[in-house]
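Asker: What follows is model.pdb; its format and atoms are PDB, C-alpha atoms.
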```pdb
ATOM      1  CA  MET A1444      79.334  92.108 132.285
ATOM      2  CA  GLY A1445      81.272  91.259 129.135
ATOM      3  CA  LYS A1446      83.572  88.385 128.522
ATOM      4  CA  GLU A1447      87.353  88.035 128.575
ATOM      5  CA  ALA A1448      89.007  91.323 127.566
ATOM      6  CA  PRO A1449      90.193  91.364 123.952
ATOM      7  CA  ARG A1450      93.897  91.345 123.192
ATOM      8  CA  MET A1451      95.163  94.942 123.169
ATOM      9  CA  THR A1452      97.216  95.749 120.112
ATOM     10  CA  THR A1453      97.896  99.029 118.357
ATOM     11  CA  GLN A1454      95.330  98.094 115.735
ATOM     12  CA  THR A1455      92.691  97.388 118.388
ATOM     13  CA  LEU A1456      93.422 100.732 120.019
ATOM     14  CA  ARG A1457      92.995 102.419 116.643
ATOM     15  CA  VAL A1458      89.605 100.795 116.164
ATOM     16  CA  LEU A1459      88.515 101.855 119.657
ATOM     17  CA  GLY A1460      89.759 105.342 118.893
ATOM     18  CA  ALA A1461      87.561 105.482 115.808
ATOM     19  CA  PHE A1462      84.524 105.085 118.058
ATOM     20  CA  THR A1463      85.597 107.335 120.895
ATOM     21  CA  THR A1464      86.453 110.223 118.570
ATOM     22  CA  SER A1465      83.659 110.069 116.045
ATOM     23  CA  GLN A1466      80.269 111.522 115.436
ATOM     24  CA  PRO A1467      77.906 109.862 114.527
ATOM     25  CA  GLU A1468      78.300 106.932 116.865
ATOM     26  CA  GLU A1469      77.271 104.263 114.386
ATOM     27  CA  LEU A1470      79.950 103.247 111.948
ATOM     28  CA  SER A1471      80.047 100.701 109.145
ATOM     29  CA  GLY A1472      83.035  98.506 108.484
ATOM     30  CA  ALA A1473      84.144 100.627 105.538
ATOM     31  CA  GLU A1474      83.919 103.828 107.604
ATOM     32  CA  ILE A1475      86.013 102.267 110.365
ATOM     33  CA  ALA A1476      88.537 101.070 107.765
ATOM     34  CA  LYS A1477      88.771 104.600 106.371
ATOM     35  CA  LYS A1478      89.252 106.156 109.827
ATOM     36  CA  THR A1479      91.818 103.631 111.015
ATOM     37  CA  GLY A1480      93.589 102.810 107.743
ATOM     38  CA  LEU A1481      93.293  99.102 108.506
ATOM     39  CA  GLN A1482      92.744  96.501 105.814
ATOM     40  CA  SER A1483      89.802  94.117 105.904
ATOM     41  CA  GLY A1484      91.961  91.148 106.898
ATOM     42  CA  THR A1485      93.010  92.959 110.078
ATOM     43  CA  LEU A1486      89.877  94.966 110.814
ATOM     44  CA  TYR A1487      87.155  92.345 110.815
ATOM     45  CA  PRO A1488      88.824  89.920 113.255
ATOM     46  CA  ILE A1489      89.262  92.887 115.626
ATOM     47  CA  LEU A1490      85.598  93.866 115.247
ATOM     48  CA  ALA A1491      84.583  90.238 115.829
ATOM     49  CA  ARG A1492      86.696  90.049 119.000
ATOM     50  CA  LEU A1493      85.370  93.349 120.337
ATOM     51  CA  GLU A1494      81.815  92.289 119.608
ATOM     52  CA  GLU A1495      82.374  88.958 121.329
ATOM     53  CA  ALA A1496      83.752  90.782 124.374
ATOM     54  CA  GLU A1497      80.633  93.026 124.285
ATOM     55  CA  TRP A1498      82.641  96.197 123.834
ATOM     56  CA  LEU A1499      80.848  96.753 120.528
ATOM     57  CA  GLU A1500      77.443  95.806 119.279
ATOM     58  CA  SER A1501      76.199  95.733 115.731
ATOM     59  CA  LYS A1502      72.935  95.836 113.874
ATOM     60  CA  TRP A1503      71.729  96.087 110.300
ATOM     61  CA  GLU A1504      70.959  99.556 109.031
ATOM     62  CA  ASP A1505      67.313 100.455 108.547
ATOM     63  CA  GLY A1506      65.972 100.177 105.044
ATOM     64  CA  ASP A1507      65.330  97.618 102.359
ATOM     65  CA  PRO A1508      68.279  96.921 100.033
ATOM     66  CA  ARG A1509      65.934  97.212  97.076
ATOM     67  CA  GLU A1510      64.933 100.711  98.104
ATOM     68  CA  LEU A1511      68.470 101.675  99.045
ATOM     69  CA  GLY A1512      69.815 100.325  95.760
ATOM     70  CA  ARG A1513      72.721  98.632  97.516
ATOM     71  CA  PRO A1514      73.287  95.898 100.121
ATOM     72  CA  ARG A1515      72.452  97.046 103.652
ATOM     73  CA  ARG A1516      75.365  97.831 105.921
ATOM     74  CA  ARG A1517      76.196  96.428 109.314
ATOM     75  CA  LEU A1518      76.598  99.311 111.733
ATOM     76  CA  TYR A1519      78.777  99.056 114.813
ATOM     77  CA  THR A1520      78.292 101.010 118.040
ATOM     78  CA  MET A1521      80.308 101.067 121.201
ATOM     79  CA  THR A1522      78.485  99.788 124.269
ATOM     80  CA  GLY A1523      78.618 101.541 127.636
ATOM     81  CA  PHE A1524      80.790  98.766 128.973
ATOM     82  CA  GLY A1525      83.017  99.050 125.916
ATOM     83  CA  ALA A1526      83.401 102.810 126.333
ATOM     84  CA  LYS A1527      84.371 102.381 129.984
ATOM     85  CA  SER A1528      86.821  99.589 129.168
ATOM     86  CA  ALA A1529      88.322 101.520 126.261
ATOM     87  CA  ARG A1530      88.893 104.579 128.461
ATOM     88  CA  ALA A1531      90.537 102.376 131.097
ATOM     89  CA  ALA A1532      92.773 100.789 128.455
ATOM     90  CA  TYR A1533      93.826 104.177 127.053
ATOM     91  CA  ARG A1534      94.495 105.489 130.540
ATOM     92  CA  GLU A1535      96.736 102.574 131.391
ATOM     93  CA  VAL A1536      98.682 102.854 128.147
ATOM     94  CA  SER A1537      99.087 106.611 128.621
ATOM     95  CA  GLU A1538     100.349 106.088 132.154
ATOM     96  CA  MET A1539     102.844 103.515 130.986
ATOM     97  CA  ILE A1540     104.309 105.442 128.101
ATOM     98  CA  GLY A1541     103.630 108.985 129.309
ATOM     99  CA  ALA A1542     106.434 109.155 131.871
ATOM    100  CA  PRO A1543     109.918 109.982 130.511
ATOM    101  CA  VAL A1544     112.362 107.068 130.287
ATOM    102  CA  TRP A1545     114.617 108.370 133.064
ATOM    103  CA  GLN A1546     111.703 108.281 135.489
ATOM    104  CA  HIS A1547     111.089 104.552 135.008
ATOM    105  CA  PRO A1548     112.229 102.440 137.980
TER     106      PRO A1548
ATOM    107  CA  MET B1281     111.791 104.311  59.330
ATOM    108  CA  ALA B1282     110.491 100.738  59.556
ATOM    109  CA  ALA B1283     111.406 100.635  63.237
ATOM    110  CA  SER B1284     109.453 103.802  64.026
ATOM    111  CA  VAL B1285     106.428 102.450  62.159
ATOM    112  CA  ILE B1286     106.620  99.215  64.123
ATOM    113  CA  VAL B1287     106.934 101.116  67.396
ATOM    114  CA  THR B1288     103.933 103.272  66.497
ATOM    115  CA  VAL B1289     101.827 100.280  65.543
ATOM    116  CA  VAL B1290     102.842  98.419  68.715
ATOM    117  CA  GLY B1291     101.975 101.502  70.768
ATOM    118  CA  VAL B1292      98.529 101.805  69.213
ATOM    119  CA  VAL B1293      97.815  98.094  69.659
ATOM    120  CA  ALA B1294      98.989  98.250  73.286
ATOM    121  CA  ALA B1295      96.786 101.258  74.007
ATOM    122  CA  ALA B1296      93.762  99.587  72.439
ATOM    123  CA  SER B1297      94.463  96.301  74.269
ATOM    124  CA  SER B1298      94.830  98.015  77.626
ATOM    125  CA  LYS B1299      91.473  99.739  77.127
ATOM    126  CA  ILE B1300      89.851  96.417  76.226
ATOM    127  CA  LEU B1301      91.482  94.692  79.204
ATOM    128  CA  ALA B1302      90.365  97.478  81.543
ATOM    129  CA  ASP B1303      86.782  97.238  80.278
ATOM    130  CA  GLU B1304      86.842  93.473  80.618
ATOM    131  CA  PHE B1305      88.183  93.759  84.165
ATOM    132  CA  LYS B1306      85.427  96.229  85.063
ATOM    133  CA  ALA B1307      82.806  93.911  83.603
ATOM    134  CA  TRP B1308      84.105  90.835  85.430
ATOM    135  CA  ARG B1309      84.965  92.543  88.733
ATOM    136  CA  PRO B1310      81.511  92.316  90.394
ATOM    137  CA  ARG B1311      81.353  88.593  89.745
ATOM    138  CA  LEU B1312      84.910  88.084  90.959
ATOM    139  CA  THR B1313      84.356  89.997  94.205
ATOM    140  CA  ALA B1314      81.048  88.212  94.822
ATOM    141  CA  LYS B1315      82.799  84.854  94.426
ATOM    142  CA  LEU B1316      85.633  85.910  96.727
ATOM    143  CA  VAL B1317      83.199  87.128  99.397
ATOM    144  CA  SER B1318      81.172  83.895  99.190
ATOM    145  CA  PHE B1319      84.329  81.824  99.381
ATOM    146  CA  ALA B1320      85.548  83.793 102.388
ATOM    147  CA  ALA B1321      82.183  83.492 104.155
ATOM    148  CA  SER B1322      82.181  79.730 103.561
ATOM    149  CA  LYS B1323      85.244  79.483 105.818
ATOM    150  CA  LEU B1324      83.246  80.772 108.772
ATOM    151  CA  PRO B1325      81.139  78.764 111.211
ATOM    152  CA  GLU B1326      77.714  78.142 109.723
ATOM    153  CA  SER B1327      75.936  80.461 112.153
ATOM    154  CA  GLN B1328      77.970  83.430 110.934
ATOM    155  CA  ARG B1329      78.125  82.794 107.201
ATOM    156  CA  GLU B1330      74.974  84.562 106.061
ATOM    157  CA  ARG B1331      75.564  87.627 108.174
ATOM    158  CA  TYR B1332      79.138  88.121 107.075
ATOM    159  CA  ARG B1333      78.338  87.373 103.419
ATOM    160  CA  GLU B1334      75.873  90.232 103.382
ATOM    161  CA  GLU B1335      78.047  92.497 105.501
ATOM    162  CA  TRP B1336      81.146  91.951 103.396
ATOM    163  CA  THR B1337      79.254  92.418 100.137
ATOM    164  CA  SER B1338      78.232  95.810 101.417
ATOM    165  CA  TYR B1339      81.763  96.533 102.679
ATOM    166  CA  VAL B1340      83.343  95.752  99.314
ATOM    167  CA  GLY B1341      80.755  97.934  97.595
ATOM    168  CA  GLU B1342      81.846 100.928  99.670
ATOM    169  CA  ILE B1343      85.522 100.601  98.766
ATOM    170  CA  PRO B1344      86.500 103.015  95.996
ATOM    171  CA  GLY B1345      88.113 101.783  92.786
ATOM    172  CA  GLU B1346      87.851  98.497  90.968
ATOM    173  CA  VAL B1347      91.246  97.167  92.054
ATOM    174  CA  GLY B1348      90.572  98.338  95.613
ATOM    175  CA  LYS B1349      87.392  96.294  95.711
ATOM    176  CA  VAL B1350      89.184  93.152  94.561
ATOM    177  CA  LEU B1351      91.997  93.650  97.069
ATOM    178  CA  ALA B1352      89.480  94.220  99.870
ATOM    179  CA  ALA B1353      87.676  90.992  98.900
ATOM    180  CA  VAL B1354      90.954  89.073  98.920
ATOM    181  CA  GLY B1355      91.719  90.477 102.380
ATOM    182  CA  LEU B1356      88.396  89.146 103.643
ATOM    183  CA  LEU B1357      89.661  85.623 103.079
ATOM    184  CA  SER B1358      92.329  86.184 105.698
ATOM    185  CA  ALA B1359      89.726  87.769 107.987
ATOM    186  CA  ALA B1360      87.423  84.767 107.615
ATOM    187  CA  ILE B1361      90.175  82.316 108.494
ATOM    188  CA  LYS B1362      91.098  84.317 111.602
ATOM    189  CA  ILE B1363      87.483  84.804 112.717
ATOM    190  CA  GLY B1364      86.606  81.175 112.134
ATOM    191  CA  TYR B1365      89.785  79.972 113.823
ATOM    192  CA  VAL B1366      89.250  82.109 116.921
ATOM    193  CA  SER B1367      85.534  81.308 117.107
ATOM    194  CA  GLU B1368      86.087  77.579 117.021
ATOM    195  CA  ARG B1369      88.869  77.514 119.565
ATOM    196  CA  GLY B1370      87.782  80.311 121.867
ATOM    197  CA  SER B1371      91.101  82.051 121.871
ATOM    198  CA  GLN B1372      94.343  81.942 119.933
ATOM    199  CA  ARG B1373      96.259  81.341 123.147
ATOM    200  CA  GLY B1374      94.121  78.241 123.684
ATOM    201  CA  ILE B1375      95.059  76.990 120.233
ATOM    202  CA  VAL B1376      98.793  77.283 120.941
ATOM    203  CA  ALA B1377      98.472  75.726 124.387
ATOM    204  CA  SER B1378      96.613  72.753 122.949
ATOM    205  CA  GLY B1379      99.449  72.103 120.518
ATOM    206  CA  ALA B1380      97.260  73.236 117.620
ATOM    207  CA  ARG B1381      95.271  70.060 117.079
ATOM    208  CA  LEU B1382      94.074  70.522 113.546
ATOM    209  CA  ASN B1383      90.767  69.250 112.267
ATOM    210  CA  TRP B1384      91.505  67.750 108.866
ATOM    211  CA  GLY B1385      87.956  66.576 108.357
ATOM    212  CA  ARG B1386      85.736  69.206 106.848
ATOM    213  CA  ILE B1387      88.199  72.065 106.518
ATOM    214  CA  GLY B1388      89.573  73.014 103.133
ATOM    215  CA  LEU B1389      93.243  73.317 102.253
ATOM    216  CA  LEU B1390      93.273  77.114 102.413
ATOM    217  CA  ASN B1391      91.697  77.165 105.851
ATOM    218  CA  GLN B1392      94.197  74.584 107.003
ATOM    219  CA  LEU B1393      97.123  76.608 105.685
ATOM    220  CA  GLY B1394      95.706  79.646 107.456
ATOM    221  CA  ARG B1395      95.561  77.713 110.702
ATOM    222  CA  ILE B1396      99.104  76.390 110.311
ATOM    223  CA  SER B1397     100.472  79.851 109.555
ATOM    224  CA  SER B1398      98.551  81.320 112.506
ATOM    225  CA  VAL B1399     100.069  78.725 114.808
ATOM    226  CA  PHE B1400     103.604  79.227 113.512
ATOM    227  CA  SER B1401     103.265  82.986 113.661
ATOM    228  CA  SER B1402     102.412  82.845 117.356
ATOM    229  CA  PRO B1403     105.380  83.916 119.501
ATOM    230  CA  ASP B1404     104.442  81.348 122.168
ATOM    231  CA  PHE B1405     104.617  78.543 119.663
ATOM    232  CA  ARG B1406     107.862  79.771 118.080
ATOM    233  CA  SER B1407     109.464  80.065 121.476
ATOM    234  CA  LYS B1408     108.386  76.533 122.435
ATOM    235  CA  TYR B1409     109.479  75.248 119.032
ATOM    236  CA  PHE B1410     113.011  76.562 119.420
ATOM    237  CA  LYS B1411     113.207  75.390 123.009
ATOM    238  CA  SER B1412     112.192  71.915 121.847
ATOM    239  CA  LEU B1413     114.820  71.986 119.111
ATOM    240  CA  ALA B1414     117.469  72.964 121.628
ATOM    241  CA  ALA B1415     116.394  70.168 123.952
ATOM    242  CA  TYR B1416     116.425  67.595 121.138
ATOM    243  CA  ASN B1417     119.887  68.680 120.087
ATOM    244  CA  MET B1418     121.239  68.293 123.596
ATOM    245  CA  ALA B1419     119.555  64.912 123.982
ATOM    246  CA  ALA B1420     121.009  63.771 120.642
ATOM    247  CA  ILE B1421     124.520  64.753 121.750
ATOM    248  CA  LEU B1422     124.128  62.870 125.006
ATOM    249  CA  LEU B1423     122.855  59.738 123.284
ATOM    250  CA  MET B1424     125.655  59.857 120.709
ATOM    251  CA  CYS B1425     128.258  60.149 123.426
ATOM    252  CA  LEU B1426     126.748  57.283 125.412
ATOM    253  CA  GLY B1427     126.440  55.071 122.359
ATOM    254  CA  HIS B1428     130.006  55.767 121.258
ATOM    255  CA  TYR B1429     131.323  55.130 124.726
ATOM    256  CA  ALA B1430     129.418  51.868 124.942
ATOM    257  CA  ARG B1431     131.029  50.742 121.684
ATOM    258  CA  HIS B1432     134.563  52.044 121.905
ATOM    259  CA  GLN B1433     135.057  52.813 125.582
ATOM    260  CA  ARG B1434     135.890  56.382 124.697
ATOM    261  CA  ILE B1435     133.901  59.458 123.744
ATOM    262  CA  PHE B1436     135.977  61.743 121.595
ATOM    263  CA  GLN B1437     136.872  60.942 118.003
ATOM    264  CA  ASP B1438     137.187  63.233 114.998
ATOM    265  CA  GLY B1439     133.829  62.727 113.273
ATOM    266  CA  LEU B1440     131.960  62.526 116.535
ATOM    267  CA  SER B1441     133.614  65.660 117.865
ATOM    268  CA  THR B1442     132.477  67.568 114.795
ATOM    269  CA  SER B1443     128.907  66.338 115.206
ATOM    270  CA  ILE B1444     128.906  67.285 118.869
ATOM    271  CA  VAL B1445     130.175  70.772 118.088
ATOM    272  CA  VAL B1446     127.588  71.298 115.334
ATOM    273  CA  LEU B1447     124.671  69.973 117.349
ATOM    274  CA  GLY B1448     125.800  71.806 120.432
ATOM    275  CA  GLY B1449     126.087  75.015 118.457
ATOM    276  CA  LEU B1450     122.607  74.538 117.006
ATOM    277  CA  GLY B1451     121.238  73.883 120.450
ATOM    278  CA  ILE B1452     122.773  77.071 121.790
ATOM    279  CA  VAL B1453     121.457  79.102 118.836
ATOM    280  CA  CYS B1454     117.942  77.668 119.306
ATOM    281  CA  SER B1455     118.035  78.473 123.002
ATOM    282  CA  LEU B1456     119.100  82.049 122.260
ATOM    283  CA  ILE B1457     116.304  82.451 119.703
ATOM    284  CA  ALA B1458     113.733  81.114 122.168
ATOM    285  CA  TYR B1459     115.053  83.482 124.835
ATOM    286  CA  TRP B1460     114.872  86.448 122.447
ATOM    287  CA  ILE B1461     111.303  85.625 121.381
ATOM    288  CA  ASN B1462     110.217  85.333 125.009
ATOM    289  CA  ARG B1463     111.851  88.607 125.918
ATOM    290  CA  ARG B1464     110.242  90.454 123.015
ATOM    291  CA  GLN B1465     106.846  89.055 123.842
ATOM    292  CA  SER B1466     107.229  90.062 127.515
ATOM    293  CA  ARG B1467     108.036  93.626 126.452
ATOM    294  CA  ARG B1468     104.995  93.774 124.179
ATOM    295  CA  ARG B1469     102.739  92.444 126.895
ATOM    296  CA  ALA B1470     104.038  95.017 129.345
ATOM    297  CA  LEU B1471     103.323  97.767 126.827
ATOM    298  CA  PHE B1472      99.898  96.769 125.619
ATOM    299  CA  LEU B1473      98.508  95.266 128.832
ATOM    300  CA  GLY B1474      96.632  92.167 129.466
ATOM    301  CA  THR B1475      98.065  89.985 126.724
TER     302      THR B1475
END
```
Spit out the file's structure as C-alpha cells when you get a sec.
Answerer:
Amino acid sequence: MGKEAPRMTTQTLRVLGAFTTSQPEELSGAEIAKKTGLQSGTLYPILARLEEAEWLESKWEDGDPRELGRPRRRLYTMTGFGAKSARAAYREVSEMIGAPVWQHP
Amino acid sequence: MAASVIVTVVGVVAAASSKILADEFKAWRPRLTAKLVSFAASKLPESQRERYREEWTSYVGEIPGEVGKVLAAVGLLSAAIKIGYVSERGSQRGIVASGARLNWGRIGLLNQLGRISSVFSSPDFRSKYFKSLAAYNMAAILLMCLGHYARHQRIFQDGLSTSIVVLGGLGIVCSLIAYWINRRQSRRRALFLGT
C-alpha cells in the first residue's frame, strides 16, 4: 500500500507532526501553515508529495461557496497508512538522535 | 521658519499620500492575488490546475493581512514550479540522474528558471558538477603537457608552468568541494533516513 516513501526533511516531519498532534483531524492548508510556520512555497510541495505517497488524503469541505461566502477549502487528513509510516519515521529519528554522542559507535 | 513650514507641509502631504496608497493597495490586492494564483496554477500539469486554483484562492483568503496575502500568493509560484516539476519527472532524484533534460517547448521562462535553479540546488548535481570540473582541469593539464612536449620536446616552461599550477589548483579545489558536498549529503541522509 502506498508508493515510494516521501523524502524526510525537518519540514516534512513538522507537517506530519501537525496531523499527529491535532484535533480535529481535518486541516486546511492555511491551518497547517499556521501550525508548522511553513510558507506556501515549502508547504504545498510537501503536501503534494505526502498525498502522492498516500500518507495524506484530501477532499473539498462540505458546503457551497455561495452559501459559505468564501471559496471552499481543501481539507487534508492523515490516512491509516500515513499514521503508521509517520510513527515509524519519528521512532527511527528519535532512536538515531536520542542516544548521547559518547554512546555512538 | 520657512524650513519648518516646508517640513510640516511635506509631512502632511506624505501622510495623505500614504493613506491614499494604502487604500489603493487594498483595492487592488484581491485582483493582484487572483492573478498571481492563476499564474501559479497555470504552471501545473493540466489535470491539477483547477483544483489548485480553487484551493490556493481559499488558502490566500485565510491568510491575515493584505501584505501577507500577496506574499503567500507569490510563494505559491514557487510551490507550483516544484509540484509541477516533481509531478512530471516522478522524483527530483530522477531529474538529476537524467542530467536534467529540459523541455523548452511549452514551458514558460519562469518555469524554466525554476527548473534550472532546482537542478543546480541539488547536492547530487553540485557534487557531480564539481567532480566534472576537476576532471576537465586534469585532462586539460595533461593535454597541454602532451602538446607542448610534442612541439618542443620538453614539458616545463614559464608560462606553461603557471597554467599547470593554476589549473591543477582549481582541480584540487573542485575535488575538495565535491568531496565536502558528498560528505554533507551523506550526513543528512543518515539523520533523516531514506533519502
Asker: Mind telling me what the ChimeraX specification (/A :<6) & /B catches here, as a PyMOL selection string?
Answerer: chain B and resi 1335+1338-1339+1355-1356+1358-1359+1363+1472+1475
Asker: Hey, can you spit out that residue selection with C-alpha atoms as a JSON list (two decimals), keeping the file's coordinate frame?
Answerer:
```
[["chain", "number", "residue", "atom", "x", "y", "z"],
["B", 1335, "GLU", "CA", 78.05, 92.50, 105.50],
["B", 1338, "SER", "CA", 78.23, 95.81, 101.42],
["B", 1339, "TYR", "CA", 81.76, 96.53, 102.68],
["B", 1355, "GLY", "CA", 91.72, 90.48, 102.38],
["B", 1356, "LEU", "CA", 88.40, 89.15, 103.64],
["B", 1358, "SER", "CA", 92.33, 86.18, 105.70],
["B", 1359, "ALA", "CA", 89.73, 87.77, 107.99],
["B", 1363, "ILE", "CA", 87.48, 84.80, 112.72],
["B", 1472, "PHE", "CA", 99.90, 96.77, 125.62],
["B", 1475, "THR", "CA", 98.06, 89.98, 126.72]]
```
Asker: Could you tell me, as a list of chain:residue names, exactly which residues end up selected when the PyMOL selection byres ((chain B and resi 1454) around 7) is applied to this structure?
Answerer: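 Taken over the shown coordinates, the PyMOL selection byres ((chain B and resi 1454) around 7) returns B:Phe1410, B:Lys1411, B:Leu1413, B:Ala1414, B:Leu1450, B:Gly1451, B:Ile1452, B:Val1453, B:Ser1455, B:Leu1456, B:Ile1457, B:Ala1458.
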Asker: What does the distance from atom CA of B:Ala1352 to atom CA of B:Lys1299 come to in Å, to one decimal?
Answerer: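 Interatomic distance here is 23.5 Å.
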Asker: By how many Å are atom CA of A:Ala1461 and atom CA of A:Arg1530 apart?
Answerer: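 Answer for the atom CA of A:Ala1461 to atom CA of A:Arg1530 separation: 12.8 Å.
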Asker: Any idea what the distance is between atom CA of A:Phe1524 and atom CA of A:Glu1497?
Answerer: 7.4 Å
Asker: Considering only C-alpha atoms, can you say which of B:Leu1447, B:Val1350, B:Val1290, B:Leu1324 comes closest to B:Trp1308?
Answerer: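 Comparing B:Leu1447, B:Val1350, B:Val1290, B:Leu1324 against B:Trp1308, the winner is B:Val1350.
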Asker: Go through A:Glu1469, A:Leu1493, A:Ile1475, A:Thr1464 and flag the residue nearest A:Ser1528, using all atoms listed in the file for the distances.
Answerer: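 Using all atoms listed in the file, the shortest distance to A:Ser1528 belongs to A:Leu1493.
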Asker: Written as a list in words, which residues does the PyMOL selection byres ((chain B and resi 1420) around 12) give for the file shown?
Answerer: Leu1413, Ala1414, Ala1415, Tyr1416, Asn1417, Met1418, Ala1419, Ile1421, Leu1422, Leu1423, Met1424, Cys1425, Leu1426, Gly1427, Leu1440, Ser1443, Ile1444, Val1445, Val1446, Leu1447, Gly1448, Leu1450 and Gly1451 of chain B
Asker: Counting only C-alpha atoms, which of A:Thr1463, A:Val1458, A:Tyr1519, A:Thr1479 gets nearest to A:Leu1499?
Answerer: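 Result for the nearest residue to A:Leu1499: A:Tyr1519.
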Asker: List the residues sitting within 7 Å of (85.9, 100.8, 123.7) in the file's frame, using only C-alpha atoms, as a list in words.
Answerer: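 Returned residue set, sorted by chain then number, is Leu1459, Trp1498, Met1521, Gly1525, Ala1526, Lys1527, Ser1528, Ala1529 and Arg1530 of chain A.
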Asker: Of the candidates B:Ala1360, B:Ile1461, B:Leu1301, B:Ile1286, which shows the shortest atom-to-atom distance to B:Leu1316, using all atoms listed in the file?
Answerer: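 Checking each of B:Ala1360, B:Ile1461, B:Leu1301, B:Ile1286 against B:Leu1316, counting all atoms listed in the file, the winner is B:Ala1360.
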Asker: Take every atom of stretch 1526-1542 of chain A listed in the file, fit an axis-aligned box around them, add 5 Å per side, and give the centre and edge lengths in Å to one decimal as JSON.
Answerer:
```
{"center_x": 94.9, "center_y": 104.4, "center_z": 129.2, "size_x": 33.0, "size_y": 19.6, "size_z": 15.9}
```
